[in-house]
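Coordinates as given in input-v3.txt (compact mmCIF, C-alpha atoms and all ligand atoms):
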```
# COMPACT_ATOMS: atom_id res chain seq x y z
CA MET A 1296 -14.46 -0.13 7.16
CA HIS A 1297 -12.14 -2.93 6.15
CA GLU A 1298 -9.15 -0.58 6.24
CA LEU A 1299 -9.25 -0.74 10.03
CA ALA A 1300 -9.05 -4.53 10.07
CA LEU A 1301 -6.25 -4.41 7.52
CA LEU A 1302 -4.34 -1.85 9.47
CA GLN A 1303 -4.73 -3.77 12.72
CA GLU A 1304 -3.33 -6.80 10.97
CA LEU A 1305 -0.37 -4.78 9.66
CA CYS A 1306 0.22 -3.34 13.11
CA THR A 1307 0.23 -6.85 14.58
CA LEU A 1308 2.79 -7.90 11.99
CA ALA A 1309 4.88 -4.80 12.67
CA SER A 1310 4.81 -5.41 16.45
CA ARG A 1311 5.89 -8.97 15.91
CA ALA A 1312 8.72 -7.90 13.59
CA ALA A 1313 9.83 -5.28 16.13
CA ALA A 1314 9.78 -7.86 18.93
CA GLU A 1315 11.83 -10.24 16.81
CA GLN A 1316 14.44 -7.50 16.42
CA GLY A 1317 14.46 -7.00 20.15
CA ALA A 1318 13.02 -3.51 19.76
CA SER A 1319 10.64 -1.98 22.24
CA ARG A 1320 9.50 1.03 20.25
CA ILE A 1321 8.18 1.54 16.77
CA HIS A 1322 8.87 4.94 15.22
CA ARG A 1323 7.75 4.74 11.66
CA LEU A 1324 5.69 2.51 9.43
CA GLU A 1325 5.85 2.83 5.70
CA LEU A 1326 3.24 1.24 3.52
CA ARG A 1327 2.86 0.90 -0.21
CA VAL A 1328 -0.75 0.99 -1.29
CA GLY A 1329 -1.70 0.18 -4.86
CA GLU A 1330 -4.43 2.22 -6.56
CA LEU A 1331 -6.17 -0.99 -7.52
CA GLY A 1332 -5.74 -2.68 -4.17
CA GLY A 1333 -9.22 -1.75 -3.02
CA VAL A 1334 -7.79 0.20 -0.11
CA ASP A 1335 -8.51 3.86 0.24
CA PRO A 1336 -5.40 5.71 1.50
CA GLN A 1337 -7.59 8.31 3.18
CA ALA A 1338 -9.53 5.62 5.04
CA LEU A 1339 -6.24 3.96 5.94
CA ARG A 1340 -5.04 7.20 7.54
CA GLN A 1341 -8.30 7.50 9.48
CA ALA A 1342 -7.94 3.89 10.60
CA PHE A 1343 -4.42 4.64 11.73
CA ALA A 1344 -5.69 7.53 13.82
CA VAL A 1345 -7.90 5.02 15.65
CA VAL A 1346 -4.98 2.66 16.22
CA ALA A 1347 -2.65 5.53 17.15
CA ALA A 1348 -4.89 6.38 20.07
CA THR A 1349 -3.70 3.23 21.79
CA ALA A 1350 -0.29 2.15 23.05
CA PRO A 1351 2.24 1.39 21.66
CA TRP A 1352 1.17 3.31 18.56
CA GLN A 1353 0.91 6.84 19.90
CA GLU A 1354 4.29 8.01 18.66
CA VAL A 1355 4.32 6.17 15.38
CA GLU A 1356 4.52 8.01 12.12
CA LEU A 1357 2.63 6.48 9.22
CA GLN A 1358 3.90 7.00 5.72
CA LEU A 1359 1.83 5.96 2.77
CA GLU A 1360 3.12 5.60 -0.71
CA VAL A 1361 0.37 5.29 -3.28
CA VAL A 1362 1.43 3.13 -6.19
CA PRO A 1363 -0.14 4.12 -9.49
CA THR A 1364 -1.60 1.42 -11.71
CA ARG A 1365 0.59 0.14 -14.51
CA CYS A 1366 -0.54 -2.32 -17.11
CA PHE A 1367 1.24 -4.16 -19.85
CA CYS A 1368 0.03 -4.32 -23.43
CA SER A 1369 0.98 -7.67 -24.91
CA HIS A 1370 0.26 -6.30 -28.39
CA CYS A 1371 2.65 -3.33 -28.20
CA GLU A 1372 4.87 -5.10 -25.69
CA GLN A 1373 4.92 -1.98 -23.60
CA PRO A 1374 3.79 -0.98 -20.15
CA PHE A 1375 1.29 1.85 -19.89
CA ARG A 1376 -0.60 3.82 -17.32
CA PRO A 1377 -4.35 3.27 -17.69
CA THR A 1378 -6.47 6.39 -17.47
CA ASP A 1379 -9.61 4.73 -16.14
CA VAL A 1380 -10.99 1.42 -14.91
CA ILE A 1381 -10.95 0.00 -18.42
CA HIS A 1382 -7.34 -0.87 -18.99
CA ALA A 1383 -7.12 0.01 -22.66
CA CYS A 1384 -3.73 0.58 -24.22
CA PRO A 1385 -3.40 4.24 -25.31
CA THR A 1386 -1.44 3.19 -28.42
CA CYS A 1387 -3.48 0.35 -29.91
CA GLY A 1388 -6.63 0.34 -27.82
CA ALA A 1389 -6.31 -3.33 -26.81
CA LEU A 1390 -7.51 -4.22 -23.36
CA SER A 1391 -4.77 -5.32 -21.05
CA ARG A 1392 -5.21 -8.25 -18.74
CA GLN A 1393 -1.81 -7.82 -17.16
CA VAL A 1394 -1.48 -5.50 -14.24
CA LEU A 1395 2.18 -4.91 -13.38
CA GLU A 1396 1.67 -2.65 -10.40
CA GLY A 1397 -1.17 -1.18 -8.45
CA ARG A 1398 -2.52 -4.08 -6.43
CA GLU A 1399 0.00 -4.06 -3.65
CA LEU A 1400 -0.47 -3.50 0.01
CA GLU A 1401 2.90 -3.93 1.60
CA LEU A 1402 4.77 -2.98 4.67
CA VAL A 1403 7.97 -1.63 3.10
CA ALA A 1404 9.74 -0.09 6.05
CA LEU A 1405 9.66 -0.31 9.77
CA GLU A 1406 11.76 1.88 12.02
CA VAL A 1407 12.23 0.57 15.52
CA SER A 1408 14.54 0.98 18.46
ZN ZN B 1501 -1.08 -1.65 -27.18
```
Write-out of the structure in structure tokens:
Amino acid sequence: MHELALLQELCTLASRAAAEQGASRIHRLELRVGELGGVDPQALRQAFAVVAATAPWQEVELQLEVVPTRCFCSHCEQPFRPTDVIHACPTCGALSRQVLEGRELELVALEVS
């Protein structure tokens, strides 16, 4: 389960950021997870449950924002939301090679005290 390794890495980063702010407690973590990022939000939550069993993560609330995939059609010059793994433009049918959003895995917010 690579989500666990990913999450542990994010938690390490979050702890470091909290320490840099002189904080001793982390209250909330907010992550943005792209649909195409290869990370399963459900697995990420399960991984967090593993991490949350250990200090200092027991009281931390995890918030996940799933970012839907958005592609750009260079033919129509318009962004669109692909309906399946083949990123075909719904207007002209051209395959898009440009993914605007959906690959991210980011720590967007960290609440500490
Ligand atoms: Zn198009």
Worksheet item: Given the choices A:Leu1405, A:Cys1371, A:Ala1383, A:Ala1348, which gets closest to A:Arg1311 if the distance is worked out from all atoms listed in the file?
Response: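 Among A:Leu1405, A:Cys1371, A:Ala1383, A:Ala1348, it is A:Leu1405 that comes nearest to A:Arg1311.
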Worksheet item: With only C-alpha atoms as the atoms that count, which of A:Leu1302, A:Val1328, A:Arg1365, A:Ala1313 lies nearest to A:Ala1342?
Response: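 Of A:Leu1302, A:Val1328, A:Arg1365, A:Ala1313, the one nearest A:Ala1342 is A:Leu1302, counting only C-alpha atoms.
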Practice prompt. Give me the residues within 10 Å of A:Trp1352 as a ChimeraX atom specification, counting all atoms listed in the file and dropping any in the same chain fewer than 3 places off.
Written response: /A:1306,1310,1320-1323,1343-1349,1355-1357
Worksheet item: Do you know which residues are within 10 Å of ligand ZN 1501 (chain B) using only C-alpha atoms and all ligand atoms? Can you write them as JSON, numbers by chain?
Response: {"A": [1367, 1368, 1369, 1370, 1371, 1372, 1373, 1374, 1375, 1383, 1384, 1385, 1386, 1387, 1388, 1389, 1390, 1391]}
For the residues in that selection, give me C-alpha atoms as an mmCIF file, in the frame of the given file.
```
data_model
loop_
_atom_site.group_PDB
_atom_site.id
_atom_site.type_symbol
_atom_site.label_atom_id
_atom_site.label_comp_id
_atom_site.auth_asym_id
_atom_site.auth_seq_id
_atom_site.Cartn_x
_atom_site.Cartn_y
_atom_site.Cartn_z
ATOM 1 C CA PHE A 1367 1.240 -4.160 -19.850
ATOM 2 C CA CYS A 1368 0.030 -4.320 -23.430
ATOM 3 C CA SER A 1369 0.980 -7.670 -24.910
ATOM 4 C CA HIS A 1370 0.260 -6.300 -28.390
ATOM 5 C CA CYS A 1371 2.650 -3.330 -28.200
ATOM 6 C CA GLU A 1372 4.870 -5.100 -25.690
ATOM 7 C CA GLN A 1373 4.920 -1.980 -23.600
ATOM 8 C CA PRO A 1374 3.790 -0.980 -20.150
ATOM 9 C CA PHE A 1375 1.290 1.850 -19.890
ATOM 10 C CA ALA A 1383 -7.120 0.010 -22.660
ATOM 11 C CA CYS A 1384 -3.730 0.580 -24.220
ATOM 12 C CA PRO A 1385 -3.400 4.240 -25.310
ATOM 13 C CA THR A 1386 -1.440 3.190 -28.420
ATOM 14 C CA CYS A 1387 -3.480 0.350 -29.910
ATOM 15 C CA GLY A 1388 -6.630 0.340 -27.820
ATOM 16 C CA ALA A 1389 -6.310 -3.330 -26.810
ATOM 17 C CA LEU A 1390 -7.510 -4.220 -23.360
ATOM 18 C CA SER A 1391 -4.770 -5.320 -21.050
#
```
Practice prompt. Identify which of the residues A:Val1361, A:Ile1381, A:Arg1376, A:Gly1317 lies closest to A:Leu1395, counting all atoms listed in the file when measuring atom-to-atom distances.
Written response: A:Arg1376
Worksheet item: Which value, in Å to one decimal, gives the distance between atom CA of A:Ser1408 and atom CA of A:Gln1353?
Response: 14.9 Å
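For the pair atom CA of A:Glu1315 and atom CA of A:Val1334, the separation is 27.9 Å.
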Worksheet entry | Two-atom distance - atom CA of A:Glu1325, atom CA of A:Glu1360 (Å) | 7.5 Å
Item to complete: Choose the residue, out of A:Leu1331, A:Leu1339, A:Pro1363, A:Leu1326, that has the smallest atom-to-atom separation from A:Leu1299; count all atoms listed in the file.
Response: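 Selected residue with least distance to A:Leu1299: A:Leu1339.
The shortest atom-to-atom distance to A:Arg1327, with all atoms listed in the file taken into account, belongs to A:Gln1358 out of A:Thr1378, A:Gln1393, A:Thr1364, A:Gln1358.
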Padding 6 Å on every side, please: axis-aligned box over the listed atoms of stretch 1402-1405 of chain A, centre and edge lengths to one decimal in Å, as lines of an AutoDock Vina configuration file.
```
center_x = 7.3
center_y = -1.5
center_z = 6.4
size_x = 17.0
size_y = 14.9
size_z = 18.7
```
Discussion item. Under the rule that all atoms listed in the file are counted, which of A:Ala1309, A:Gly1397, A:Val1403, A:Leu1359 is the nearest residue to A:Pro1336?
Written reply: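 Checking each of A:Ala1309, A:Gly1397, A:Val1403, A:Leu1359 against A:Pro1336, counting all atoms listed in the file, the winner is A:Leu1359.
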Practice prompt. May I have the residues within 6 Å of A:Arg1398 as a ChimeraX atom specification, using only C-alpha atoms and disregarding those fewer than 2 positions away in the same chain?
Written response: /A:1329,1331-1332,1396
Any chance you could model N, CA, C and O atoms for stretch 1322-1348 of chain A and send them as a JSON list (two decimals), in the coordinates of the input?
```
[["chain", "number", "residue", "atom", "x", "y", "z"],
["A", 1322, "HIS", "N", 8.88, 3.51, 15.54],
["A", 1322, "HIS", "CA", 8.87, 4.94, 15.22],
["A", 1322, "HIS", "C", 8.13, 5.27, 13.94],
["A", 1322, "HIS", "O", 7.48, 6.28, 13.83],
["A", 1323, "ARG", "N", 8.30, 4.41, 12.96],
["A", 1323, "ARG", "CA", 7.75, 4.74, 11.66],
["A", 1323, "ARG", "C", 7.33, 3.48, 10.92],
["A", 1323, "ARG", "O", 8.02, 2.47, 10.97],
["A", 1324, "LEU", "N", 6.19, 3.59, 10.27],
["A", 1324, "LEU", "CA", 5.69, 2.51, 9.43],
["A", 1324, "LEU", "C", 5.56, 3.08, 8.03],
["A", 1324, "LEU", "O", 5.02, 4.16, 7.86],
["A", 1325, "GLU", "N", 6.02, 2.36, 7.07],
["A", 1325, "GLU", "CA", 5.85, 2.83, 5.70],
["A", 1325, "GLU", "C", 5.13, 1.77, 4.90],
["A", 1325, "GLU", "O", 5.55, 0.62, 4.86],
["A", 1326, "LEU", "N", 4.04, 2.18, 4.30],
["A", 1326, "LEU", "CA", 3.24, 1.24, 3.52],
["A", 1326, "LEU", "C", 3.16, 1.66, 2.06],
["A", 1326, "LEU", "O", 3.14, 2.84, 1.75],
["A", 1327, "ARG", "N", 3.12, 0.67, 1.21],
["A", 1327, "ARG", "CA", 2.86, 0.90, -0.21],
["A", 1327, "ARG", "C", 1.44, 0.43, -0.49],
["A", 1327, "ARG", "O", 1.10, -0.71, -0.21],
["A", 1328, "VAL", "N", 0.65, 1.32, -1.03],
["A", 1328, "VAL", "CA", -0.75, 0.99, -1.29],
["A", 1328, "VAL", "C", -1.02, 1.17, -2.78],
["A", 1328, "VAL", "O", -0.85, 2.27, -3.33],
["A", 1329, "GLY", "N", -1.40, 0.11, -3.44],
["A", 1329, "GLY", "CA", -1.70, 0.18, -4.86],
["A", 1329, "GLY", "C", -3.06, 0.82, -5.11],
["A", 1329, "GLY", "O", -3.99, 0.61, -4.33],
["A", 1330, "GLU", "N", -3.15, 1.58, -6.19],
["A", 1330, "GLU", "CA", -4.43, 2.22, -6.56],
["A", 1330, "GLU", "C", -5.55, 1.22, -6.77],
["A", 1330, "GLU", "O", -6.72, 1.51, -6.56],
["A", 1331, "LEU", "N", -5.17, 0.03, -7.22],
["A", 1331, "LEU", "CA", -6.17, -0.99, -7.52],
["A", 1331, "LEU", "C", -6.40, -1.95, -6.36],
["A", 1331, "LEU", "O", -7.13, -2.91, -6.49],
["A", 1332, "GLY", "N", -5.70, -1.73, -5.27],
["A", 1332, "GLY", "CA", -5.74, -2.68, -4.17],
["A", 1332, "GLY", "C", -7.05, -2.70, -3.40],
["A", 1332, "GLY", "O", -7.23, -3.53, -2.52],
["A", 1333, "GLY", "N", -7.94, -1.79, -3.71],
["A", 1333, "GLY", "CA", -9.22, -1.75, -3.02],
["A", 1333, "GLY", "C", -9.11, -1.12, -1.64],
["A", 1333, "GLY", "O", -10.01, -1.23, -0.82],
["A", 1334, "VAL", "N", -7.98, -0.46, -1.40],
["A", 1334, "VAL", "CA", -7.79, 0.20, -0.11],
["A", 1334, "VAL", "C", -7.70, 1.70, -0.35],
["A", 1334, "VAL", "O", -6.94, 2.15, -1.19],
["A", 1335, "ASP", "N", -8.49, 2.43, 0.38],
["A", 1335, "ASP", "CA", -8.51, 3.86, 0.24],
["A", 1335, "ASP", "C", -7.47, 4.47, 1.19],
["A", 1335, "ASP", "O", -7.58, 4.31, 2.41],
["A", 1336, "PRO", "N", -6.45, 5.15, 0.64],
["A", 1336, "PRO", "CA", -5.40, 5.71, 1.50],
["A", 1336, "PRO", "C", -5.94, 6.64, 2.58],
["A", 1336, "PRO", "O", -5.46, 6.65, 3.71],
["A", 1337, "GLN", "N", -6.98, 7.39, 2.22],
["A", 1337, "GLN", "CA", -7.59, 8.31, 3.18],
["A", 1337, "GLN", "C", -8.20, 7.54, 4.35],
["A", 1337, "GLN", "O", -8.02, 7.89, 5.51],
["A", 1338, "ALA", "N", -8.91, 6.46, 4.02],
["A", 1338, "ALA", "CA", -9.53, 5.62, 5.04],
["A", 1338, "ALA", "C", -8.46, 4.92, 5.88],
["A", 1338, "ALA", "O", -8.63, 4.72, 7.09],
["A", 1339, "LEU", "N", -7.34, 4.61, 5.24],
["A", 1339, "LEU", "CA", -6.24, 3.96, 5.94],
["A", 1339, "LEU", "C", -5.66, 4.92, 6.98],
["A", 1339, "LEU", "O", -5.33, 4.53, 8.10],
["A", 1340, "ARG", "N", -5.55, 6.19, 6.60],
["A", 1340, "ARG", "CA", -5.04, 7.20, 7.54],
["A", 1340, "ARG", "C", -6.00, 7.37, 8.73],
["A", 1340, "ARG", "O", -5.58, 7.52, 9.86],
["A", 1341, "GLN", "N", -7.30, 7.37, 8.42],
["A", 1341, "GLN", "CA", -8.30, 7.50, 9.48],
["A", 1341, "GLN", "C", -8.24, 6.30, 10.41],
["A", 1341, "GLN", "O", -8.32, 6.43, 11.63],
["A", 1342, "ALA", "N", -8.05, 5.12, 9.81],
["A", 1342, "ALA", "CA", -7.94, 3.89, 10.60],
["A", 1342, "ALA", "C", -6.71, 3.97, 11.49],
["A", 1342, "ALA", "O", -6.74, 3.55, 12.65],
["A", 1343, "PHE", "N", -5.65, 4.55, 10.94],
["A", 1343, "PHE", "CA", -4.42, 4.64, 11.73],
["A", 1343, "PHE", "C", -4.62, 5.58, 12.92],
["A", 1343, "PHE", "O", -4.08, 5.33, 13.99],
["A", 1344, "ALA", "N", -5.41, 6.61, 12.72],
["A", 1344, "ALA", "CA", -5.69, 7.53, 13.82],
["A", 1344, "ALA", "C", -6.38, 6.80, 14.97],
["A", 1344, "ALA", "O", -6.14, 7.09, 16.14],
["A", 1345, "VAL", "N", -7.22, 5.84, 14.64],
["A", 1345, "VAL", "CA", -7.90, 5.02, 15.65],
["A", 1345, "VAL", "C", -6.88, 4.17, 16.41],
["A", 1345, "VAL", "O", -6.85, 4.15, 17.64],
["A", 1346, "VAL", "N", -6.01, 3.51, 15.62],
["A", 1346, "VAL", "CA", -4.98, 2.66, 16.22],
["A", 1346, "VAL", "C", -3.99, 3.49, 17.03],
["A", 1346, "VAL", "O", -3.56, 3.09, 18.11],
["A", 1347, "ALA", "N", -3.66, 4.67, 16.50],
["A", 1347, "ALA", "CA", -2.65, 5.53, 17.15],
["A", 1347, "ALA", "C", -3.12, 6.10, 18.48],
["A", 1347, "ALA", "O", -2.35, 6.70, 19.22],
["A", 1348, "ALA", "N", -4.38, 5.91, 18.78],
["A", 1348, "ALA", "CA", -4.89, 6.38, 20.07],
["A", 1348, "ALA", "C", -4.53, 5.41, 21.19],
["A", 1348, "ALA", "O", -4.73, 5.69, 22.36]]
```
